[in-house]
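Participant: Got a structure for you, questions after.
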Amino acid sequence: MSMPGLDIVVASPESIALTAHVSAVTQLVLAERECRDLGRWERMKSCFHPDAVVRISWFQGNGHDFVDASREMARRGVLAKHRLGPVSVRVNGNRAVATLAAIIDIPAEIRGVALMLSSHARVFYRAELRDAEWRLASFEVFYMRDELAAQIPGEVVPVRAADVAGYRRSYRFMSYVLAQGGYTVRDDLAGEDRPETVDALCREIYGWAGLDP
């Protein structure tokens with residue numbers, strides 16, 4: 001029975017399928033980050049295709065190896081947590097790109113002072129539908145800025161300008177803090193202090209999916 005003045009819009013099968021794919025990729029991305037923060041390593045590994053690639057500050061390599069390296073990082077006491085913004089997903093056939101803003105919080109201790117590193121970044125995931133299942137094909141990031149604060153109000157951050165002078169502005173404190181823990185951060189990562197690197201990364205990722213960035 002129809003009601004006067006009420007127009008009923010019936011979604012097309014294509015739009016229903018697209019909505020399902022967007023939802024699946026969104027939940028996949030959120031599951032991967034949730035598993036990272038909660039230490040659910042095997043479930044995190046299942047989010048990646050076996051040939052997935054990860055390119056972030058402290059790791060470049062295979063997705064499954066990245067999960068193992070994350071487990072080892074947590075075992076060493078580097079307990080990063082992630083504050084995530086809304087996920088935007090674009091789908092083209094069996095490929096999709098998901099992106100979101102994130103703040104990566106890493107507690108650290110330098111010269112006896114408890115600190116909190118907060119790195120602001122934009123995260124990109126490539127996802128691919130294989131055998132009727134979406135999994136991640138890559139995890140990549142460009143860095144915007146970071147900050148270092150004392151965990152206890154009133155304490156002074158024992159880091160001078162000279163300590164971070166040799167690092168990139170988009171991720172200088174992250175580079176410094178990770179270096180204290182024995183990690184090497186590359187100098188050629190995509191970052192807002194070098195806009196051309198961000199543009200190149202976006203074109204590469206969206207081009208992989210046949211999309212215009």
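Residue numbers start at 1 in each chain; chains themselves are named A, B, ... in the order of the structure tokens; ligands are numbered from 1 in the order shown.
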Listing only residues of stretch 40-104 of chain A within 7 Å of stretch 185-206 of chain A, what is the closest atom pair and its distance in Å (to one decimal) for each, using only C-alpha atoms, sorted by chain and residue number ascending, as CSV?
Facilitator:
```
residue,atom,partner,partner_atom,distance
A:Ser57,CA,A:Val185,CA,5.5
A:Trp58,CA,A:Val185,CA,5.3
A:Val97,CA,A:Tyr206,CA,6.7
```
Participant: Go ahead and save the picked residues with C-alpha atoms, as a short mmCIF file (atom, residue, chain, number, x, y, z; two decimals), in the first residue's frame.
Facilitator:
```cif
data_model
loop_
_atom_site.label_atom_id
_atom_site.label_comp_id
_atom_site.auth_asym_id
_atom_site.auth_seq_id
_atom_site.Cartn_x
_atom_site.Cartn_y
_atom_site.Cartn_z
CA SER A 57 58.21 4.91 9.51
CA TRP A 58 59.97 1.97 11.11
CA VAL A 97 41.55 2.40 -1.39
#
```
Participant: With only C-alpha atoms as the counted atoms, please give the residues lying no more than 6 Å from stretch 127-133 of chain A, apart from itself and same-chain residues fewer than 4 positions off, as a list in words.
Facilitator: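 Close residues of stretch 127-133 of chain A: Asn94, Arg95, Ala96 and Ala137 of chain A.
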Participant: For the residues selected in the previous step, produce a file with N, CA and C atoms as a compact mmCIF listing (two decimals), in the first residue's frame.
Facilitator:
```txt
# COMPACT_ATOMS: atom_id res chain seq x y z
N ASN A 94 37.45 -4.94 -8.21
CA ASN A 94 37.92 -5.77 -7.10
C ASN A 94 39.05 -5.11 -6.31
N ARG A 95 39.24 -3.80 -6.53
CA ARG A 95 40.26 -3.06 -5.79
C ARG A 95 39.63 -1.86 -5.09
N ALA A 96 40.21 -1.49 -3.96
CA ALA A 96 39.68 -0.36 -3.19
C ALA A 96 40.82 0.33 -2.47
N ALA A 137 46.06 -5.22 0.72
CA ALA A 137 47.19 -5.42 -0.18
C ALA A 137 48.37 -4.51 0.18
```
Participant: For atom CA of A:Arg111 and atom CA of A:Val159, quote the distance in Å rounded to one decimal.
Facilitator: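 Result for atom CA of A:Arg111 versus atom CA of A:Val159: 9.1 Å, one decimal.
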Participant: Can you list, as a PDB file with C-alpha atoms, in the first residue's frame, all residues belonging to stretch 87-172 of chain A that DSSP tags as helix (DSSP H, G or I)?
Facilitator:
```pdb
ATOM      1  CA  ALA A 161      66.234  21.583  19.285  1.00  0.00           C
ATOM      2  CA  ALA A 162      69.719  20.321  18.543  1.00  0.00           C
ATOM      3  CA  ASP A 163      68.639  16.746  19.347  1.00  0.00           C
ATOM      4  CA  VAL A 164      66.119  16.706  16.494  1.00  0.00           C
ATOM      5  CA  ARG A 169      59.974  18.259  10.316  1.00  0.00           C
ATOM      6  CA  SER A 170      56.927  16.069   9.572  1.00  0.00           C
ATOM      7  CA  TYR A 171      58.150  13.275  11.833  1.00  0.00           C
ATOM      8  CA  ARG A 172      61.189  14.541  13.736  1.00  0.00           C
TER       9      ARG A 172
END
```
Participant: Just checking: using only C-alpha atoms, which residue out of A:Ser88, A:Asn62, A:Ser70, A:Ser175 ends up closest to A:Pro50?
Facilitator: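 When distances to A:Pro50 are compared using only C-alpha atoms, the smallest one comes from A:Asn62.
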Participant: Would you pick out the contacts of A:Val54 at 7 Å or less, using only C-alpha atoms, so that residues sharing its chain but fewer than 3 positions from it are not included, and give the list as a list in words?
Facilitator: Gln60, Gly61, Asn62, Gly63, Phe66, Ser138, Phe139 and Glu140 of chain A
Participant: Could you check how far atom CA of A:Arg83 sits from atom CA of A:Arg122, in Å to one decimal?
Facilitator: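 Those two atoms sit 11.4 Å apart.
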